[in-house]
Amino acid sequence: MARLVARDVRKVFPPTRSGQEPVHALRNITFEAEGHTFVTLVGPSGCGKSTFLNMVSGIDKPSAGSLQVLGRTEGEARIGYVFQDPRLLPWKTVLENMIYVQDDGSNDVKAARGKEFLDLVGLGTSGSMYPGQLSGGMQQRVGIARALSIGPDLLLMDEPFSHLDAITARDLRLELQRLWLDTGATVLFVTHDVMEAVLLSSRVIMISSQGVVFRDLTIDLPFPRKQTDKEVAFLQADILQLFEEMEQPTVVA
Amino acid sequence: MGQHESEVTPRGLPMTTVVEDLIQAPPRRWYRWVVSDRAARYTARILALLIWQWAGTAFDEIPAPLGTIEFLVDEWQRVEILPNIYISLVRAVIGLTLVLVFGIAIGITMANWWRVRYLLTDLILVGITLPAFIWALLVVMWWGFSNIGPIVVCVVSATPQLVVNTFQGASATPGSLLAMSGAYHVPNDRQFRWLVIPSMMEYIVAGYRSAILAGWGAVLLVEWFGNDKGVGFRAHYWYDAGNFEGLMGWGLIMMVIILFFDRVVMDRVVRHSRRWRVGSAGWSA
């Protein structure tokens, strides 16, 4: 479990040619998250959700503000990242992809750990296959297993089901819910799908198109949840209503 | 396939007839061989032999296959074939090993540091376009009849071929996979071995294939112009003696060596580097 503290985080992308204006991807993101919690950032496309995730992972740096991610022993947190596309090494087998990101132990220990998490996502027999031999959904499951195999304090997920068909995405959402309940990690999830946010999260943070936190909502529905639950549908409608309010011209950074 | 005879298609044909027509008998074994790529290669070689035989018969200046084989038998009995092939191969192997190291290192460096790229671009272009015989004449003047000349010319002629490809390969390393590696804090040496080099492998193999052809030719050229050992030297020796069977015989040896290496070694390397591409495991380049 991790502790994530974001204080007035901003991100500005400088212009790439003369005459261009800088791009303010994020203007003010402030929130904290810790423990066994599933936090979803939801907002319209281009509001800076993925940018924020990249800053949390260390791929990118904030232009201003402070962003701290602490691990279970207050040191640097182990972060697992599930991207929109699986990002597997296509020339390595599935099991080798699991070994690639691990640090602890010999290759045998890493392989055993990789196999354990492949079993967890139902791909225990696919270790010797290449990613090209798997379907999109299976590749994404490998991506999830890979992220979990490092024993992450914080699990980042950037719209991991957006490229999948509806049925596969539904199955993977339920699987993710089960894995989160089993492993107890802190999850920071990004999506533009409000239903997905309500289904999976214990907390939903709405980001406006100006890159600021609009609402920070606690979702206290019991787990496990299903897409067909009435309460999920009602909450989805409420949040969509809030989005309409958010897009009113009076909402400023 | 379990359909009743009474069922018909919209065009009134009995369903069983239509289904049976769709299930064709597999092609016979001899037919499969005749239309295979191996048969195409053998056909090309036999055709080349037949054309050579015709040319040898039609023109006095062109030695015929039989005369060439007889010459090679004599050369074998003179114990000239294996020792000279060995010398040329050692020079080529040393040179091409250096080409592989330099070619990959320079290509990756150029892709990652723009100053190095602009520093070396013109030199690489000159290296590719400058004819190898100019280098051959220079090294003979500098180093005489030694092993250094063939190795040096092999390196300077073949390295630019590989650099051009490895530069492209290093520039094309998928940024998304590098970002993933960064997010997981994968150590740099593992990223290099598991990500950078494999992502470049097809470029390296394609570039190295061209480099081998250029490098082998360069070694033979230097041996021709200024050496007292090797396949190139023996070819020149018989040319000077006006023995065209000798020239053709050693030319045949040059071709057989390079074809053997390309088919037996490089084809396997290409197939191995492509094994992860599902459905294309049987390709050869």
# chains A, B, ... in the order shown; residues from 1 in each chain; ligands from 1

call {"tool": "interface_residues", "arguments": {"of": "chain A", "to": "chain B", "cutoff": "12 Å", "atoms": "only C-alpha atoms", "output": "PyMOL selection string"}}
result
chain A and resi 53-60+76-94+96-104+128-134+143+146-152+154-156

call {"tool": "closest_atom_pairs", "arguments": {"of": "stretch 166-262 of chain B", "to": "stretch 92-104 of chain B", "cutoff": "7 Å", "atoms": "only C-alpha atoms", "output": "CSV"}}
result
residue,atom,partner,partner_atom,distance
B:Thr166,CA,B:Ile104,CA,5.9
B:Ile212,CA,B:Leu96,CA,6.8
B:Gly215,CA,B:Leu96,CA,6.7
B:Trp216,CA,B:Ala92,CA,6.0
B:Val219,CA,B:Ala92,CA,6.5

call {"tool": "write_last_selection", "arguments": {"atoms": "N, CA and C atoms", "output": "PDB file, in the first residue's frame"}}
result
ATOM      1  N   THR B 166      21.878   0.072 -38.686  1.00  0.00           N
ATOM      2  CA  THR B 166      21.744   0.090 -37.225  1.00  0.00           C
ATOM      3  C   THR B 166      21.289   1.469 -36.743  1.00  0.00           C
ATOM      4  N   ILE B 212      28.498  -8.245 -45.075  1.00  0.00           N
ATOM      5  CA  ILE B 212      29.275  -9.472 -45.362  1.00  0.00           C
ATOM      6  C   ILE B 212      29.641  -9.532 -46.842  1.00  0.00           C
ATOM      7  N   GLY B 215      32.242  -6.845 -47.381  1.00  0.00           N
ATOM      8  CA  GLY B 215      33.496  -7.165 -46.708  1.00  0.00           C
ATOM      9  C   GLY B 215      34.240  -8.316 -47.374  1.00  0.00           C
ATOM     10  N   TRP B 216      33.503  -9.342 -47.753  1.00  0.00           N
ATOM     11  CA  TRP B 216      34.144 -10.485 -48.428  1.00  0.00           C
ATOM     12  C   TRP B 216      34.748 -10.043 -49.754  1.00  0.00           C
ATOM     13  N   VAL B 219      38.006  -8.092 -49.132  1.00  0.00           N
ATOM     14  CA  VAL B 219      39.146  -8.968 -48.815  1.00  0.00           C
ATOM     15  C   VAL B 219      39.716  -9.565 -50.101  1.00  0.00           C
TER      16      VAL B 219
END

call {"tool": "residues_around", "arguments": {"residues": "A:Ala197", "least_positions_apart": "4", "cutoff": "8 Å", "atoms": "only C-alpha atoms", "output": "ChimeraX atom specification"}}
result
/A:40-42,191,193,201,204

call {"tool": "select_by_dssp", "arguments": {"residues": "stretch 204-238 of chain A", "states": "helix (DSSP H, G or I)", "output": "list in words"}}
result
Lys230, Glu231, Val232, Ala233, Phe234, Leu235, Gln236, Ala237 and Asp238 of chain A

call {"tool": "residues_around", "arguments": {"residues": "A:Glu196", "least_positions_apart": "4", "cutoff": "10 Å", "atoms": "only C-alpha atoms", "output": "PDB file with C-alpha atoms, in the first residue's frame"}}
result
ATOM      1  CA  THR A  40     -10.284   6.854 -10.227  1.00  0.00           C
ATOM      2  CA  VAL A  42     -12.336  10.675 -14.501  1.00  0.00           C
ATOM      3  CA  GLU A 159      -7.597   3.464 -19.442  1.00  0.00           C
ATOM      4  CA  PHE A 161      -9.740  -1.440 -21.201  1.00  0.00           C
ATOM      5  CA  ALA A 169     -13.597  -5.218 -21.109  1.00  0.00           C
ATOM      6  CA  ARG A 170     -16.504  -6.243 -18.876  1.00  0.00           C
ATOM      7  CA  ARG A 173     -13.183  -5.157 -15.035  1.00  0.00           C
ATOM      8  CA  PHE A 189      -7.091   4.418 -12.256  1.00  0.00           C
ATOM      9  CA  VAL A 190      -7.761   6.743 -15.171  1.00  0.00           C
ATOM     10  CA  THR A 191     -10.805   6.557 -17.393  1.00  0.00           C
ATOM     11  CA  HIS A 192     -13.253   8.681 -19.275  1.00  0.00           C
ATOM     12  CA  LEU A 200     -14.466  -0.169  -9.668  1.00  0.00           C
ATOM     13  CA  SER A 201     -13.728   2.721  -7.325  1.00  0.00           C
ATOM     14  CA  GLN A 227     -22.541  -3.374 -14.142  1.00  0.00           C
ATOM     15  CA  VAL A 232     -24.208   1.701 -10.012  1.00  0.00           C
ATOM     16  CA  GLN A 236     -23.393   6.980 -12.886  1.00  0.00           C
TER      17      GLN A 236
END

call {"tool": "residues_around", "arguments": {"residues": "A:Glu231", "least_positions_apart": "6", "cutoff": "10 Å", "atoms": "only C-alpha atoms", "output": "JSON, numbers by chain"}}
result
{"A": [198, 199, 221, 225, 237]}

call {"tool": "atom_distance", "arguments": {"atom1": "atom CA of B:Trp114", "atom2": "atom CA of A:Ser63"}}
result
26.2 Å

call {"tool": "select_by_dssp", "arguments": {"residues": "stretch 15-250 of chain A", "states": "strand (DSSP E or B)", "output": "ChimeraX atom specification"}}
result
/A:23-34,38-42,64-70,76,79-82,154-158,186-191,203-207,212-218

call {"tool": "residues_around", "arguments": {"residues": "A:Gln210", "least_positions_apart": "2", "cutoff": "7 Å", "atoms": "only C-alpha atoms", "output": "ChimeraX atom specification"}}
result
/A:27,47,208,212,253

call {"tool": "atom_distance", "arguments": {"atom1": "atom CA of A:Glu34", "atom2": "atom CA of A:Asp216"}}
result
14.5 Å

call {"tool": "closest_residue", "arguments": {"among": "A:Ser45, A:Ser162, A:Asn107, A:Thr51", "to": "A:Arg10", "atoms": "only C-alpha atoms"}}
result
A:Thr51

call {"tool": "atom_distance", "arguments": {"atom1": "atom CA of A:Met157", "atom2": "atom CA of A:Val194"}}
result
15.2 Å

call {"tool": "residues_around", "arguments": {"residues": "A:Thr186", "least_positions_apart": "4", "cutoff": "7 Å", "atoms": "only C-alpha atoms", "output": "MDAnalysis selection string"}}
result
chainID A and resid 1:2 34:38 153:155
